[in-house]
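> Have a look at the structure that comes next, please.
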Amino acid sequence: MAGSLVPAAALAQAEDADRAYITGWDELASASHVSDGMERSRDGSPIFTGPMGAQAVSYNGYQYVVYYTGRDRTVDREEASSRVVVARRQLGAFGWQRATLQNYEVTSDDAHNRQTIGISEGDGVIHISFDHHNRPQMNYAATAVGVATNPSSVEWDDNVFTYAENLGGDASERLNVTYPDFTPFPGGNLLVYFRSGGSTGGEMRVARYDSETGSWGQVRNISSRRGTFEGEETTRGPYLAEGMQVGGDGSLHAAWLFRERPCDFTTSSRSEIFCNHGLFYARSEDEGRTWLRADGTVIADTEAGEVMSIDNLGGPVFDVPKGLGPSNPSITSTIDTASDEMHVLLRHLPGPGANGTAYFHYLGQPDGTWTQNRTDFDGNNASLTVVGDRLYAFVGRDRGQIYYAERSDNFRRWRRLDIEVGERGKFDPSGGFITWDLSMLESGRATMLWHRDPESNGVSSPLQVFDISFE
């Protein structure tokens with residue numbers, strides 16, 4: 001099923017666009033896996049339910065989408081599974097080709113076990129990782145060299161990807177992987193970030209893929225879960241703001257929250273977000289070996305066995321205490337590769353005892369100073385990106401909306417850019433799980449991936465793709 005709503009038009013840059021509109025859509029999968037939440041249920045109540053979503057990246061005229069197939073709920077749980085699929089198409093068309101990963105079945109029912117995809121542009125290898133929530137080994141697969149560089153010459157079938165635990169390294173090593181994320185370096189290499197361990201006892205780890213040798217380097221631990229907080233020796237885990245960000249010069253930038261253990265806010269009326277606090281920031285100018293504070297002070301040299309911890313970070317760059325409930329599902333970041341400014345969106349209460357939360361925009365300057373500004377838009381899981389002098393927030397998860405702010409007013413005023421459909425309609429999706437492919441935004445294009453709500457808990461549901469243009 002595919003639809004084209006308007007004729008193809010000359011693409012405008014999103015930098016000064018005043019409209020966004022759907023140019024076409026398709027149903028990529030009639031049934032994609034929806035978690036019933038029973039894997040981590042408590043007292044028979046499901047936890048981490050909902051659509052598993054999809055992740056996409058575009059490169060060299062093609063788009064690649066990784067997702068899970070549907071699951072048969074009529075058979076015993078032990079017999080039910082899904083498969084990992086990577087679909088591709090030429091940009092601007094909906095002629096999908098699909099490659100199903102061999103030798104791996106998704107048996108988990110945990111909505112945190114989502115996918116990630118990245119491309120090492122130096123050698124044209126496509127990398128995927130999937131199905132983790134504190135899993136001992138990393139699930140990983142990759143193509144051969146040149147697949148993304150010369151896509152038209154590749155037969156897209158079930159043999160395209162090869163599965164390898166732990167990035168092809170020692171499969172017996174326990175990495176305890178959660179939230180892996182790929183980030184490309186400007187020179188063609190690739191970074192993978194993940195949290196090792198749980199939410200209150202986790203550590204940040206990174207590894208670098210070298211496109212010249214076609215291999216992954218050592219998985220490097222860059223943070224410690226231990227340290228003293230509020231006078232007590234405790235443990236904590238990091239919630240990074242949508243992975244690592246890479247500057248135009250190849251520098252790495254990380255912004256995150258910590259979740260403390262123990263925490264005195266986990267009551268029936270307050271969730272675990274009231275164990276979170278921040279905002280923390282660090283950067284590296286040597287691909288993750290040495291880490292610096294915002295003011296340039298060295299925090300840790302990981303090659304010398306040092307790591308970042310709450311004891312040596314020098315405090316948060318902006319104090320967001322536990323009582324404000326900073327939300328780990330609603331923290332995201334991007335870096336302006338032209339100005340080296342770091343942008344972070346974080347949802348939390350505006351003050352102790354406030355009735356509702358709001359998104360706050362935190363802006364970090366290259367000189368180490370940070371400012372805060374309250375926004376006036378709603379939503380969850382917004383993806384941030386900079387195009388020229390415009391900062392975009394693409395709201396995802398259960399709502400698909402586009403907002404932007406501009407440098408001319410110091411990013412203080414946020415405007416909504418409605419998504420048009422047809423001649424007079426507005427496209428305002430809600431429910432399910434929405435993600436975005438923003439790889440082509442500078443060319444005036446974006447893709448929304450909408451995994452629809454199920455008819456009932458755990459029942460597989462459609463995964464749809466919408467192409468959006470800007471002018």
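Letters for chains follow the order of the structure tokens (A, B, ...), residue numbers begin at 1 for each chain, and ligand numbers begin at 1 in the order shown.
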Quick one: residues within 12 Å of region 143-152 of chain A, only C-alpha atoms counted, chain neighbours fewer than 3 positions away excluded, as a PyMOL selection string?
chain A and resi 57-64+86+88-90+97+99+101+117-128+140+155-164+188+211-215
> Any chance you can output those residues with C-alpha atoms as an mmCIF file, in the first residue's frame?

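See result-v8.cif below for the written result:
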data_model
loop_
_atom_site.group_PDB
_atom_site.id
_atom_site.type_symbol
_atom_site.label_atom_id
_atom_site.label_comp_id
_atom_site.auth_asym_id
_atom_site.auth_seq_id
_atom_site.Cartn_x
_atom_site.Cartn_y
_atom_site.Cartn_z
ATOM 1 C CA VAL A 57 18.788 6.371 8.273
ATOM 2 C CA SER A 58 19.200 7.731 4.744
ATOM 3 C CA TYR A 59 22.424 7.796 2.763
ATOM 4 C CA ASN A 60 23.530 7.967 -0.861
ATOM 5 C CA GLY A 61 20.011 8.007 -2.311
ATOM 6 C CA TYR A 62 18.599 5.142 -0.223
ATOM 7 C CA GLN A 63 16.724 4.853 3.058
ATOM 8 C CA TYR A 64 17.217 1.930 5.466
ATOM 9 C CA VAL A 86 16.050 -4.133 7.512
ATOM 10 C CA ARG A 88 15.457 -0.339 2.037
ATOM 11 C CA ARG A 89 14.094 1.838 -0.741
ATOM 12 C CA GLN A 90 15.295 4.512 -3.092
ATOM 13 C CA GLN A 97 13.182 -4.500 -0.418
ATOM 14 C CA ALA A 99 16.362 -8.404 4.419
ATOM 15 C CA LEU A 101 18.361 -11.278 9.811
ATOM 16 C CA ILE A 117 21.041 1.681 12.835
ATOM 17 C CA GLY A 118 24.106 3.517 11.555
ATOM 18 C CA ILE A 119 26.421 3.716 8.551
ATOM 19 C CA SER A 120 30.212 4.008 8.578
ATOM 20 C CA GLU A 121 30.558 6.231 5.544
ATOM 21 C CA GLY A 122 34.265 5.513 5.149
ATOM 22 C CA ASP A 123 33.629 1.944 3.994
ATOM 23 C CA GLY A 124 29.869 1.824 3.312
ATOM 24 C CA VAL A 125 29.041 -0.736 6.011
ATOM 25 C CA ILE A 126 25.536 -0.667 7.541
ATOM 26 C CA HIS A 127 25.454 -1.544 11.259
ATOM 27 C CA ILE A 128 22.440 -2.515 13.383
ATOM 28 C CA TYR A 140 24.893 -6.714 16.551
ATOM 29 C CA GLU A 155 21.205 -7.924 -4.049
ATOM 30 C CA TRP A 156 19.089 -7.097 -0.998
ATOM 31 C CA ASP A 157 18.208 -10.466 0.515
ATOM 32 C CA ASP A 158 18.427 -12.357 3.801
ATOM 33 C CA ASN A 159 22.185 -12.797 3.410
ATOM 34 C CA VAL A 160 23.011 -9.074 3.477
ATOM 35 C CA PHE A 161 23.572 -8.902 7.258
ATOM 36 C CA THR A 162 25.802 -11.117 9.383
ATOM 37 C CA TYR A 163 25.037 -11.495 13.089
ATOM 38 C CA ALA A 164 27.899 -11.153 15.578
ATOM 39 C CA GLY A 188 33.887 8.143 7.944
ATOM 40 C CA SER A 211 36.498 2.131 8.461
ATOM 41 C CA GLU A 212 40.065 1.614 7.197
ATOM 42 C CA THR A 213 40.551 -1.658 9.072
ATOM 43 C CA GLY A 214 36.871 -2.649 9.103
ATOM 44 C CA SER A 215 36.986 -3.490 12.795
#
> Applying 10 Å and only C-alpha atoms, which residues near Ile468 (chain A) remain after dropping the ones on its own chain fewer than 4 positions away? List them as a list in words.
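Using only C-alpha atoms, the neighbours found are Ala20, Tyr21, Ile22, Thr23, Gly24, Trp25, Ile419, Glu420, Val421, Leu441, Gly444, Arg445, Ala446, Thr447 and Met448 of chain A.
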> To one decimal place in Å, what is the distance between CA of Val386 (chain A) and CA of Val65 (chain A)?
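Value for the CA of Val386 (chain A)-CA of Val65 (chain A) distance: 22.7 Å.
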> Find, counting only C-alpha atoms, the residue in A:Trp256, A:Ser35, A:Gly351, A:Val85 that gets nearest to Asp72 (chain A).
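Nearest candidate to Asp72 (chain A) out of A:Trp256, A:Ser35, A:Gly351, A:Val85: A:Ser35.
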> Can you list every residue in region 161-318 of chain A that DSSP puts in strand (DSSP E), as an MDAnalysis selection string?
chainID A and resid 162:163 177:184 190:198 201:210 215:216 220:221 226:229 232:240 245:246 252:261 276:284 290:292 298:301
> Kindly save the residues from that selection, with C-alpha atoms included, as a compact mmCIF listing (two decimals), in the first residue's frame.

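Printed below is result.txt as written:
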# COMPACT_ATOMS: atom_id res chain seq x y z
CA THR A 162 25.80 -11.12 9.38
CA TYR A 163 25.04 -11.50 13.09
CA VAL A 177 23.82 -3.58 27.18
CA THR A 178 21.05 -0.98 27.32
CA TYR A 179 20.14 1.74 24.78
CA PRO A 180 22.89 1.29 22.16
CA ASP A 181 23.21 4.15 19.69
CA PHE A 182 25.38 4.70 16.60
CA THR A 183 26.87 8.10 15.75
CA PRO A 184 29.00 8.77 12.63
CA LEU A 190 31.47 5.26 13.57
CA LEU A 191 30.89 5.41 17.33
CA VAL A 192 28.64 3.15 19.35
CA TYR A 193 27.48 4.24 22.80
CA PHE A 194 25.56 2.14 25.32
CA ARG A 195 24.86 2.01 29.02
CA SER A 196 26.31 -0.99 30.80
CA GLY A 197 24.10 -2.06 33.67
CA GLY A 198 20.84 -0.90 35.17
CA GLY A 201 23.91 1.05 38.74
CA GLY A 202 25.02 1.71 35.18
CA GLU A 203 28.06 3.09 33.39
CA MET A 204 28.69 4.75 30.02
CA ARG A 205 30.65 2.78 27.45
CA VAL A 206 31.81 3.58 23.92
CA ALA A 207 33.61 1.84 21.08
CA ARG A 208 34.96 3.19 17.80
CA TYR A 209 34.68 1.51 14.40
CA ASP A 210 37.65 2.10 12.08
CA SER A 215 36.99 -3.49 12.79
CA TRP A 216 35.78 -2.26 16.17
CA ARG A 220 35.92 1.64 26.64
CA ASN A 221 34.34 2.36 30.02
CA ARG A 226 29.96 4.91 42.24
CA GLY A 227 30.50 8.16 44.12
CA THR A 228 29.22 10.45 46.85
CA PHE A 229 25.92 12.27 46.47
CA GLU A 232 26.37 9.47 51.07
CA GLU A 233 28.34 6.88 49.12
CA THR A 234 25.75 5.62 46.62
CA THR A 235 25.40 4.30 43.08
CA ARG A 236 23.66 5.71 40.03
CA GLY A 237 23.11 5.20 36.33
CA PRO A 238 23.28 7.65 33.40
CA TYR A 239 20.47 8.55 31.02
CA LEU A 240 22.19 10.09 28.03
CA GLN A 245 26.72 14.11 19.69
CA VAL A 246 29.61 14.72 17.29
CA LEU A 252 32.27 14.11 21.22
CA HIS A 253 29.66 15.75 23.42
CA ALA A 254 27.53 14.06 26.08
CA ALA A 255 24.68 15.46 28.18
CA TRP A 256 22.87 13.30 30.70
CA LEU A 257 20.91 12.78 33.89
CA PHE A 258 21.88 10.53 36.76
CA ARG A 259 19.37 8.26 38.51
CA GLU A 260 20.25 7.68 42.17
CA ARG A 261 19.97 4.64 44.40
CA ASN A 276 16.84 11.65 38.48
CA HIS A 277 18.95 14.78 38.68
CA GLY A 278 21.27 16.78 36.41
CA LEU A 279 22.11 18.36 34.01
CA PHE A 280 25.61 16.94 33.43
CA TYR A 281 27.87 17.51 30.44
CA ALA A 282 31.30 16.45 29.19
CA ARG A 283 33.18 16.50 25.91
CA SER A 284 36.09 14.66 24.32
CA THR A 290 40.07 11.94 27.41
CA TRP A 291 37.01 13.72 28.83
CA LEU A 292 36.73 17.41 29.67
CA VAL A 298 40.34 17.47 32.27
CA ILE A 299 38.00 15.06 34.07
CA ALA A 300 39.40 11.67 33.13
CA ASP A 301 41.99 10.00 30.91
> As an exercise, work out the distance from CA of Arg83 (chain A) to CA of Thr100 (chain A) in Å and give it to one decimal place.
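Pair CA of Arg83 (chain A) / CA of Thr100 (chain A) returns 6.8 Å.
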> Go through A:Pro51, A:Gly37, A:Gly168, A:Gly314 one by one, measure the shortest atom-to-atom distance of each to Asp109 (chain A) using only C-alpha atoms, and give the residue with the smallest value.
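That would be A:Gly37, the residue with the smallest distance to Asp109 (chain A).
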> Using only C-alpha atoms, determine which residues lie at most 8 Å from region 377-380 of chain A, disregarding the query and same-chain residues fewer than 3 positions distant; provide the list as a ChimeraX atom specification.
/A:329-330,358-359,395-399,403,414
> Residues within 6 Å of Leu463 (chain A), please, as a list of chain:residue names. Count only C-alpha atoms; anything in the same chain fewer than 4 positions from it doesn't count.
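In the requested form, the answer reads A:Glu27, A:Leu28, A:Ala29, A:Trp450, A:His451.
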> Do you have the CA of His133 (chain A)-CA of Ser108 (chain A) distance handy?
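That distance, rounded to one decimal, is 9.5 Å.
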> Quick one: residues within 7 Å of Phe394 (chain A), only C-alpha atoms, excluding same-chain residues fewer than 6 positions away - as a short mmCIF file (atom, residue, chain, number, x, y, z; two decimals) with C-alpha atoms, in the first residue's frame?

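Saved result, around.cif, follows:
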data_model
loop_
_atom_site.label_atom_id
_atom_site.label_comp_id
_atom_site.auth_asym_id
_atom_site.auth_seq_id
_atom_site.Cartn_x
_atom_site.Cartn_y
_atom_site.Cartn_z
CA ALA A 382 11.57 15.20 20.73
CA SER A 383 14.52 14.81 18.36
CA LEU A 384 16.62 17.98 18.07
CA GLN A 401 4.64 17.35 15.56
CA ILE A 402 7.29 19.82 14.42
CA TYR A 403 8.44 22.92 16.32
#
> Ranking A:Ser469, A:Ser460, A:Thr337, A:Thr332 by minimum distance to Thr74 (chain A) and counting only C-alpha atoms, which one comes first?
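Smallest distance to Thr74 (chain A) is found for A:Ser460.
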> I'd like the contact shell of Ala294 (chain A) - 9 Å cut-off, only C-alpha atoms, skipping same-chain residues fewer than 3 positions apart - returned as an NGL selection string.
:A and (281-283 or 297 or 317 or 364-369)
> I need the residue nearest Leu345 (chain A) from this list: A:Pro326, A:Gly44, A:Gly458, A:Gly388. Use only C-alpha atoms for the distance.
A:Pro326
